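For reference, start20.csv (CSV, C-alpha atoms):
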```csv
chain,number,residue,atom,x,y,z
A,24,MET,CA,53.0,62.2,90.3
A,25,ALA,CA,56.7,61.6,90.8
A,26,ILE,CA,57.5,65.1,89.5
A,27,SER,CA,54.9,66.5,91.9
A,28,ASN,CA,56.6,64.8,94.8
A,29,ILE,CA,60.0,66.1,93.8
A,30,LYS,CA,58.6,69.6,93.6
A,31,ASP,CA,57.0,69.2,97.0
A,32,GLN,CA,60.3,68.1,98.6
A,33,ARG,CA,62.2,70.9,96.9
A,34,SER,CA,59.6,73.4,98.2
A,35,LYS,CA,60.0,72.0,101.8
A,36,ILE,CA,63.8,72.4,101.6
A,37,GLN,CA,63.4,76.0,100.4
A,38,ASN,CA,61.0,76.8,103.1
A,39,ARG,CA,63.4,75.4,105.7
A,40,ARG,CA,66.2,77.5,104.3
A,41,SER,CA,64.0,80.6,104.3
A,42,GLU,CA,62.8,80.1,107.8
A,43,GLY,CA,66.3,79.4,109.2
A,44,ARG,CA,64.9,78.2,112.5
A,45,GLU,CA,64.1,74.7,111.6
A,46,TYR,CA,67.8,73.9,110.7
A,47,ASN,CA,70.2,74.3,113.7
A,48,GLN,CA,73.3,76.1,112.3
A,49,LEU,CA,75.2,75.7,115.5
A,50,ARG,CA,74.6,71.9,115.6
A,51,ALA,CA,75.7,71.6,112.0
A,52,MET,CA,78.8,73.6,112.8
A,53,LEU,CA,79.7,71.3,115.7
A,54,ALA,CA,79.2,68.3,113.5
A,55,VAL,CA,81.7,69.8,111.0
A,56,THR,CA,84.0,70.4,113.9
A,57,ARG,CA,83.9,66.8,115.2
A,58,ALA,CA,84.4,65.4,111.7
A,59,SER,CA,87.3,67.7,111.1
A,60,LEU,CA,88.9,67.0,114.4
A,61,ARG,CA,88.8,63.3,113.8
A,62,SER,CA,90.5,63.8,110.4
A,63,ILE,CA,93.2,65.9,112.1
A,64,MET,CA,93.9,63.3,114.8
A,65,ARG,CA,94.2,60.6,112.1
A,66,SER,CA,96.7,62.6,110.1
A,67,PRO,CA,100.3,61.5,110.6
A,68,SER,CA,101.6,64.9,109.4
A,69,ALA,CA,99.5,66.8,112.0
A,70,VAL,CA,100.8,64.6,114.8
A,71,VAL,CA,104.4,64.9,113.7
A,72,PHE,CA,104.5,68.7,113.1
A,73,SER,CA,102.2,69.7,116.0
A,74,ILE,CA,103.3,67.3,118.8
A,75,ALA,CA,106.2,64.9,118.0
A,76,PHE,CA,108.5,67.4,116.3
A,77,PRO,CA,108.3,70.1,119.0
A,78,LEU,CA,108.5,67.5,121.8
A,79,ILE,CA,111.7,66.0,120.3
A,80,PHE,CA,113.4,69.4,120.4
A,81,ILE,CA,112.1,70.1,123.9
A,82,VAL,CA,113.5,66.7,125.1
A,83,VAL,CA,116.8,67.2,123.4
A,84,PHE,CA,117.4,70.8,124.6
A,85,GLY,CA,116.0,69.9,128.0
A,86,PHE,CA,118.6,67.2,128.5
A,87,ILE,CA,121.7,68.7,126.8
A,88,GLY,CA,121.0,72.3,127.8
A,89,GLY,CA,122.4,74.9,125.4
A,90,ASN,CA,125.0,77.6,125.1
A,91,ASN,CA,124.3,81.1,123.9
A,92,ILE,CA,125.7,81.8,120.4
A,93,SER,CA,126.4,85.4,121.6
A,94,VAL,CA,126.1,87.4,124.7
A,95,ARG,CA,124.4,90.8,125.1
A,96,VAL,CA,126.5,93.0,127.4
A,97,GLY,CA,125.2,96.3,128.8
A,98,VAL,CA,127.7,99.2,129.0
A,99,HIS,CA,127.2,101.4,132.1
A,100,PRO,CA,126.6,105.1,131.1
A,101,GLN,CA,129.5,106.2,133.3
A,102,SER,CA,131.9,103.5,132.0
A,103,ASP,CA,135.3,104.6,130.5
A,104,THR,CA,135.3,103.5,126.9
A,105,THR,CA,138.7,104.8,125.9
A,106,ASN,CA,140.8,102.1,127.4
A,107,GLU,CA,142.4,99.0,125.9
A,108,ILE,CA,140.1,96.6,127.9
A,109,PHE,CA,136.9,98.0,126.5
A,110,THR,CA,138.5,98.0,123.0
A,111,MET,CA,139.3,94.3,123.3
A,112,MET,CA,135.7,93.5,124.3
A,113,LYS,CA,134.2,95.7,121.5
A,114,VAL,CA,136.0,93.7,118.8
A,115,ARG,CA,135.0,90.3,120.0
A,116,PRO,CA,132.4,88.8,117.6
A,117,GLU,CA,130.5,86.9,120.3
A,118,VAL,CA,129.8,90.1,122.3
A,119,LYS,CA,127.0,92.6,121.5
A,120,LEU,CA,127.3,95.8,123.5
A,121,ILE,CA,124.1,97.5,124.6
A,122,ARG,CA,123.9,101.1,125.6
A,123,GLU,CA,120.8,102.1,127.6
A,124,PRO,CA,119.9,104.0,130.8
A,125,GLU,CA,121.2,102.3,133.9
A,126,ALA,CA,117.8,101.4,135.3
A,127,ALA,CA,116.6,99.8,132.1
A,128,MET,CA,119.8,97.7,131.8
A,129,LYS,CA,119.5,96.5,135.4
A,130,GLU,CA,115.9,95.5,134.8
A,131,GLU,CA,116.9,93.6,131.6
A,132,LEU,CA,119.7,91.9,133.6
A,133,LEU,CA,117.3,90.6,136.2
A,134,ARG,CA,115.0,89.3,133.5
A,135,GLY,CA,117.8,87.6,131.6
A,136,LYS,CA,117.6,89.8,128.5
A,137,ILE,CA,121.3,90.8,128.9
A,138,SER,CA,124.1,88.7,130.3
A,139,ALA,CA,126.0,91.3,132.3
A,140,ILE,CA,126.6,95.0,132.8
A,141,ILE,CA,130.2,96.2,132.6
A,142,ARG,CA,131.6,99.5,134.1
A,143,ILE,CA,135.2,100.4,133.7
A,144,GLU,CA,136.4,103.3,135.8
A,145,LYS,CA,139.7,105.0,136.1
A,146,ASN,CA,141.3,104.6,139.5
A,147,LEU,CA,142.3,107.8,141.2
A,148,ASP,CA,144.6,106.0,143.6
A,149,THR,CA,147.9,106.0,141.7
A,150,SER,CA,149.3,103.2,144.0
A,151,LYS,CA,146.7,100.8,142.7
A,152,PRO,CA,145.6,99.4,139.3
A,153,GLU,CA,144.9,102.1,136.8
A,154,TYR,CA,141.4,100.7,136.0
A,155,LEU,CA,138.7,99.0,138.1
A,156,VAL,CA,136.6,96.7,135.9
A,157,HIS,CA,133.1,96.0,137.4
A,158,VAL,CA,131.2,93.1,135.9
A,159,GLN,CA,127.6,92.8,137.2
A,160,THR,CA,125.7,89.5,136.6
A,161,SER,CA,122.6,87.8,137.8
A,162,ASN,CA,121.0,84.3,138.2
A,163,ALA,CA,118.7,85.1,135.2
A,164,SER,CA,121.6,84.4,132.8
A,165,ARG,CA,124.1,82.2,134.5
A,166,GLU,CA,125.8,80.9,131.4
A,167,GLY,CA,125.9,84.3,129.7
A,168,GLY,CA,127.2,85.9,132.9
A,169,ALA,CA,129.9,83.3,133.2
A,170,VAL,CA,131.0,83.9,129.6
A,171,VAL,CA,131.2,87.6,130.1
A,172,SER,CA,133.2,87.2,133.3
A,173,MET,CA,135.6,84.9,131.6
A,174,LEU,CA,136.0,87.3,128.6
A,175,MET,CA,136.5,90.3,130.9
A,176,GLY,CA,139.0,88.3,133.0
A,177,HIS,CA,140.9,87.4,129.8
A,178,ALA,CA,141.0,91.0,128.7
A,179,VAL,CA,142.2,92.2,132.1
A,180,ASP,CA,145.0,89.5,132.2
A,181,LYS,CA,146.1,90.5,128.7
A,182,ALA,CA,146.2,94.2,129.6
A,183,ASN,CA,148.2,93.4,132.7
A,184,LEU,CA,150.7,91.2,130.8
A,185,ALA,CA,151.2,93.9,128.2
A,186,LYS,CA,153.1,96.0,130.7
A,187,ASN,CA,156.7,94.8,130.6
A,188,PRO,CA,157.9,95.2,133.3
A,189,PRO,CA,154.7,96.0,135.0
A,190,PRO,CA,155.1,98.7,137.7
A,191,LYS,CA,151.6,98.0,138.8
A,192,PRO,CA,148.6,96.0,137.4
A,193,GLU,CA,146.8,97.8,134.5
A,194,ALA,CA,143.4,96.7,135.8
A,195,GLU,CA,141.6,94.8,138.5
A,196,LEU,CA,138.4,92.7,137.9
A,197,ARG,CA,135.7,93.3,140.5
A,198,PRO,CA,132.7,90.9,139.9
A,199,GLU,CA,129.3,91.7,141.3
A,200,HIS,CA,126.2,89.4,141.5
A,201,LEU,CA,122.5,90.2,141.7
A,202,GLU,CA,120.0,87.5,142.8
A,203,GLY,CA,117.2,86.7,140.5
A,204,ARG,CA,115.3,83.9,138.9
A,205,ALA,CA,117.4,81.4,137.0
A,206,PHE,CA,116.7,81.5,133.2
A,207,THR,CA,117.5,78.1,131.7
A,208,SER,CA,117.6,77.0,128.1
A,209,ILE,CA,114.1,75.4,128.3
A,210,ASP,CA,112.6,78.8,129.2
A,211,PHE,CA,113.8,80.0,125.8
A,212,ILE,CA,113.3,76.9,123.7
A,213,LEU,CA,109.8,75.9,124.8
A,214,PRO,CA,107.9,79.0,123.7
A,215,GLY,CA,109.7,78.8,120.4
A,216,MET,CA,108.7,75.2,119.9
A,217,LEU,CA,105.1,76.1,120.9
A,218,GLY,CA,105.1,78.9,118.3
A,219,PHE,CA,106.5,76.5,115.7
A,220,SER,CA,103.7,74.0,116.5
A,221,LEU,CA,101.0,76.7,116.1
A,222,LEU,CA,102.5,78.0,112.8
A,223,SER,CA,102.6,74.5,111.3
A,224,THR,CA,99.1,73.7,112.4
A,225,GLY,CA,97.7,77.0,111.1
A,226,VAL,CA,99.5,77.1,107.8
A,227,PHE,CA,99.9,73.4,106.7
A,228,GLY,CA,96.8,72.1,108.3
A,229,THR,CA,94.4,74.8,107.0
A,230,ALA,CA,96.0,74.9,103.5
A,231,PHE,CA,95.8,71.1,102.9
A,232,VAL,CA,92.4,70.5,104.4
A,233,PHE,CA,90.6,73.3,102.6
A,234,TYR,CA,92.3,72.5,99.3
A,235,ASN,CA,91.3,68.8,99.6
A,236,LEU,CA,87.7,69.7,100.7
A,237,ARG,CA,87.4,71.9,97.6
A,238,SER,CA,89.1,69.4,95.1
A,239,THR,CA,87.1,66.5,96.4
A,240,LEU,CA,83.9,68.5,96.0
A,241,VAL,CA,83.1,68.2,99.7
A,242,LEU,CA,82.6,71.9,100.0
A,243,LYS,CA,80.2,71.8,97.1
A,244,ARG,CA,78.2,69.1,98.8
A,245,PHE,CA,78.1,71.3,101.9
A,246,PHE,CA,76.3,73.9,99.8
A,247,ALA,CA,73.6,71.4,99.1
A,248,THR,CA,72.8,71.4,102.8
A,249,PRO,CA,71.2,74.3,104.7
A,250,ILE,CA,74.5,75.1,106.6
A,251,ARG,CA,75.8,78.5,105.8
A,252,ARG,CA,79.4,79.2,104.6
A,253,PRO,CA,80.6,81.1,107.7
A,254,PHE,CA,79.6,78.1,109.9
A,255,ILE,CA,81.6,75.8,107.7
A,256,VAL,CA,84.7,77.9,108.2
A,257,LEU,CA,83.9,78.3,112.0
A,258,GLY,CA,83.5,74.5,112.3
A,259,GLU,CA,86.9,73.9,110.7
A,260,ALA,CA,88.5,76.6,112.7
A,261,LEU,CA,87.1,75.3,116.0
A,262,SER,CA,88.5,71.9,115.3
A,263,ARG,CA,92.0,73.4,114.9
A,264,VAL,CA,91.6,75.5,118.0
A,265,THR,CA,90.7,72.4,120.0
A,266,PHE,CA,93.6,70.4,118.6
A,267,ALA,CA,96.0,73.3,119.2
A,268,THR,CA,94.8,73.7,122.8
A,269,ILE,CA,95.5,70.0,123.4
A,270,THR,CA,98.9,70.0,121.9
A,271,SER,CA,99.9,73.3,123.5
A,272,SER,CA,98.8,72.0,126.9
A,273,ILE,CA,100.9,68.9,126.5
A,274,ILE,CA,104.0,70.9,125.5
A,275,ILE,CA,103.7,73.4,128.4
A,276,ILE,CA,102.9,70.8,131.0
A,277,LEU,CA,105.7,68.4,130.0
A,278,GLY,CA,108.2,71.3,129.8
A,279,HIS,CA,107.2,72.5,133.3
A,280,PHE,CA,107.1,69.2,135.2
A,281,ALA,CA,109.9,67.3,133.3
A,282,PHE,CA,112.4,70.1,132.7
A,283,GLY,CA,111.4,73.0,135.0
A,284,PHE,CA,110.0,75.4,132.4
A,285,THR,CA,109.1,78.5,134.3
A,286,LEU,CA,105.4,79.3,134.8
A,287,ILE,CA,105.9,82.3,137.1
A,288,ASN,CA,102.3,82.7,138.1
A,289,GLY,CA,101.3,79.0,137.9
A,290,VAL,CA,97.9,78.3,136.4
A,291,THR,CA,97.3,81.9,135.5
A,292,THR,CA,100.4,81.9,133.3
A,293,PHE,CA,99.4,78.6,131.8
A,294,LEU,CA,96.0,80.0,130.8
A,295,LEU,CA,97.5,83.2,129.4
A,296,MET,CA,99.9,81.2,127.3
A,297,LEU,CA,96.9,79.2,125.9
A,298,LEU,CA,95.1,82.5,125.1
A,299,LEU,CA,98.2,83.7,123.2
A,300,ALA,CA,98.3,80.3,121.4
A,301,PHE,CA,94.7,80.9,120.3
A,302,ILE,CA,95.6,84.4,118.9
A,303,GLY,CA,98.7,83.1,117.2
A,304,LEU,CA,96.8,80.2,115.6
A,305,PHE,CA,94.0,82.5,114.4
A,306,VAL,CA,96.6,84.7,112.6
A,307,PHE,CA,98.5,81.7,111.1
A,308,MET,CA,95.3,80.1,109.8
A,309,GLY,CA,94.9,83.2,107.6
A,310,PHE,CA,98.2,82.3,105.9
A,311,GLY,CA,96.8,78.8,105.4
A,312,PHE,CA,93.6,80.1,103.7
A,313,ILE,CA,95.8,82.2,101.3
A,314,VAL,CA,97.9,79.2,100.4
A,315,SER,CA,94.9,77.0,99.8
A,316,GLY,CA,93.4,79.7,97.6
A,317,VAL,CA,96.4,80.5,95.4
A,318,ALA,CA,97.8,77.0,95.0
A,319,PRO,CA,97.0,75.6,91.5
A,320,ASN,CA,97.5,72.0,92.7
A,321,GLU,CA,98.3,70.1,95.8
A,322,SER,CA,102.0,69.6,95.1
A,323,VAL,CA,102.5,73.4,95.2
A,324,ILE,CA,101.0,73.7,98.8
A,325,PRO,CA,104.2,72.5,100.6
A,326,VAL,CA,106.3,74.9,98.6
A,327,LEU,CA,104.2,77.9,99.4
A,328,ALA,CA,103.7,76.9,103.0
A,329,ASN,CA,107.4,76.4,103.5
A,330,ILE,CA,108.1,79.9,102.1
A,331,ILE,CA,105.9,81.2,104.9
A,332,THR,CA,107.0,79.0,107.7
A,333,LEU,CA,110.7,78.1,107.2
A,334,PRO,CA,112.1,81.7,107.5
A,335,GLN,CA,110.0,82.3,110.6
A,336,PHE,CA,111.1,78.9,112.1
A,337,LEU,CA,114.7,79.8,111.6
A,338,MET,CA,114.9,83.5,112.3
A,339,ALA,CA,111.9,84.4,114.6
A,340,GLY,CA,113.6,83.5,117.9
A,341,THR,CA,112.8,79.8,117.9
A,342,PHE,CA,116.2,78.3,118.9
A,343,PHE,CA,118.2,81.5,119.7
A,344,PRO,CA,117.6,85.2,120.2
A,345,ALA,CA,116.5,87.0,117.0
A,346,ASP,CA,119.0,89.8,117.7
A,347,VAL,CA,122.0,87.5,116.9
A,348,PHE,CA,121.4,88.0,113.2
A,349,PRO,CA,123.2,90.9,111.4
A,350,SER,CA,121.8,94.3,111.3
A,351,TRP,CA,120.8,94.2,107.6
A,352,LEU,CA,118.6,91.2,108.4
A,353,GLN,CA,116.9,92.7,111.5
A,354,PRO,CA,114.1,94.4,109.5
A,355,VAL,CA,113.1,91.0,108.1
A,356,VAL,CA,113.2,89.4,111.6
A,357,LYS,CA,111.2,92.3,113.1
A,358,VAL,CA,108.4,92.0,110.7
A,359,MET,CA,107.7,88.3,111.2
A,360,PRO,CA,104.5,87.5,113.3
A,361,LEU,CA,106.1,84.5,115.0
A,362,THR,CA,108.8,86.8,116.4
A,363,TYR,CA,106.2,88.7,118.4
A,364,LEU,CA,104.3,85.6,119.5
A,365,ASN,CA,107.5,84.0,120.8
A,366,GLU,CA,108.4,87.3,122.6
A,367,ALA,CA,105.0,87.6,124.2
A,368,MET,CA,105.1,84.0,125.3
A,369,ARG,CA,108.5,84.4,127.0
A,370,LYS,CA,107.5,87.7,128.7
A,371,ILE,CA,104.4,86.1,130.2
A,372,ALA,CA,106.0,82.8,131.2
A,373,PHE,CA,109.3,84.0,132.7
A,374,GLU,CA,108.8,87.7,133.5
A,375,GLY,CA,105.3,87.4,134.8
A,376,VAL,CA,104.0,90.4,132.9
A,377,SER,CA,100.2,90.8,132.4
A,378,PHE,CA,98.4,90.3,129.2
A,379,PHE,CA,98.0,94.0,128.6
A,380,GLU,CA,101.8,94.6,129.1
A,381,VAL,CA,102.5,92.7,125.8
A,382,TRP,CA,100.1,95.0,123.9
A,383,GLN,CA,102.8,95.9,121.4
A,384,ASP,CA,103.3,92.3,120.4
A,385,LEU,CA,99.5,91.8,120.3
A,386,LEU,CA,99.2,94.9,118.1
A,387,VAL,CA,101.6,93.5,115.5
A,388,LEU,CA,99.9,90.1,115.5
A,389,GLY,CA,96.5,91.9,115.1
A,390,LEU,CA,97.9,93.9,112.1
A,391,TRP,CA,99.1,90.7,110.6
A,392,GLY,CA,95.7,89.1,111.1
A,393,ALA,CA,93.9,92.0,109.4
A,394,VAL,CA,96.3,91.9,106.4
A,395,VAL,CA,96.2,88.1,105.9
A,396,TYR,CA,92.5,87.8,106.2
A,397,PHE,CA,91.9,90.7,103.9
A,398,ILE,CA,94.0,88.9,101.3
A,399,ALA,CA,92.4,85.5,102.1
A,400,THR,CA,88.9,86.9,101.4
A,401,ARG,CA,90.2,88.0,97.9
A,402,VAL,CA,91.9,84.8,96.9
A,403,PHE,CA,90.0,82.0,98.7
A,404,ARG,CA,87.9,79.8,96.5
A,405,TRP,CA,85.0,77.6,97.5
A,406,GLU,CA,84.9,75.6,94.3
```
Let's see the structure in the file written out as structure tokens.
Amino acid sequence: MAISNIKDQRSKIQNRRSEGREYNQLRAMLAVTRASLRSIMRSPSAVVFSIAFPLIFIVVFGFIGGNNISVRVGVHPQSDTTNEIFTMMKVRPEVKLIREPEAAMKEELLRGKISAIIRIEKNLDTSKPEYLVHVQTSNASREGGAVVSMLMGHAVDKANLAKNPPPKPEAELRPEHLEGRAFTSIDFILPGMLGFSLLSTGVFGTAFVFYNLRSTLVLKRFFATPIRRPFIVLGEALSRVTFATITSSIIIILGHFAFGFTLINGVTTFLLMLLLAFIGLFVFMGFGFIVSGVAPNESVIPVLANIITLPQFLMAGTFFPADVFPSWLQPVVKVMPLTYLNEAMRKIAFEGVSFFEVWQDLLVLGLWGAVVYFIATRVFRWE
């Protein structure tokens, strides 16, 4: 009789699974999401890496400001580059000279991507200084523009003093200023901190959670229920998206109202940044799935996760522009997904570009997503 009852119960479960309609997959997925979200909120590491750590850096850089490690200086196409003043600027380690069309450089100057544009012209009036040195700056890079003006002034003074006795000054400095939006340190730091938060949540959170679910046989118990595997993954992913949306909103709102972080188009910019955060988190979660699949034990997870996250945290434009690194390191910097997420965040927040204008950054992130999820499907283990 007991055996007959067990067979009847098993037959009912199989019928429910075959019908599919009696068991609500969406409701089960939401239940997984709620449980996972509670576990994330109770995890000290999740709070530290996703909220506390980025906020500490935002507060520090918001109060103390920051100086550029180097300055990017545009060289006007018609500038004389054979004189001593230009030579002195060219050999300075803190100056990176940029050669582009005039219109492109002016646009970058107004957006804060370069600190100044210099144009050195030979003076045809023999009674006046031999060279006229024009230095064009803007509000978008006040600190960088001030540094360039100071360096050019020093070069002009040195050139003038080199004439002994000087019949006339060697050069004359002529500063020019363009009005534009002021680009402060928080406008650079906050997107980097937001990217770091998403990278930590996606890699560390996903790797540890799925490894623990597998090692504690929770995933195996899930299989005893009618919920399908894709809905288990979707439930866990939805919990992380919810958590990342909350943390990203806190970071952006605090940066905007406390330290003047630029949201050029207000709420629209805020929502676009959250959409970018979702895309970035989706890509970074793929790395987490790979780590959880290849890690032989839990102690290896931090090592593998740090191999993925630490280089990006240091070199992908989190604290300072990625182009300050030497040329031999640039190929590594340019291949990192966090580099493109940070760049897209800054373009939308400060420059006010549309979502479609950052298509190149989104394309690279999309390619990374395709690669990591292809690998994840090959190495991820359910049991």
Figure out the distance between atom CA of Glu259 of chain A and atom CA of Ile212 of chain A, please, to one decimal in Å.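 Going from atom CA of Ile212 of chain A over to atom CA of Glu259 of chain A covers 29.6 Å.
Distance annotation: of A:Asn329, A:Gln101, A:Thr229, A:Ser138, the residue with the minimal separation from Val306 of chain A is A:Thr229; atom set is all atoms listed in the file.
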For Met175 of chain A, which residue among A:Val226, A:Met112, A:Ile121, A:Ala399 is the nearest when counting all atoms listed in the file? A:Met112
Taking all atoms listed in the file into account, which of A:Pro344, A:Gly309, A:Gly375, A:Gly258 comes nearest Gly392 of chain A? A:Gly309
Write out as a ChimeraX atom specification the residues lying within 9 Å of Glu107 of chain A, counting all atoms listed in the file and excluding same-chain residues fewer than 3 positions away. /A:104,110-112,178,182
Take atom CA of Ile330 of chain A and atom CA of Ala267 of chain A and report the distance between them in Å, one decimal.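 The value is 22.0 Å.
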Closest to Ser322 of chain A among A:Phe231, A:Leu217, A:Lys151, A:Lys119, using all atoms listed in the file? A:Phe231
Pick from A:Ile324, A:Leu333, A:Leu174, A:Ala372: nearest to Tyr234 of chain A, with only C-alpha atoms counted?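 When distances to Tyr234 of chain A are compared using only C-alpha atoms, the smallest one comes from A:Ile324.
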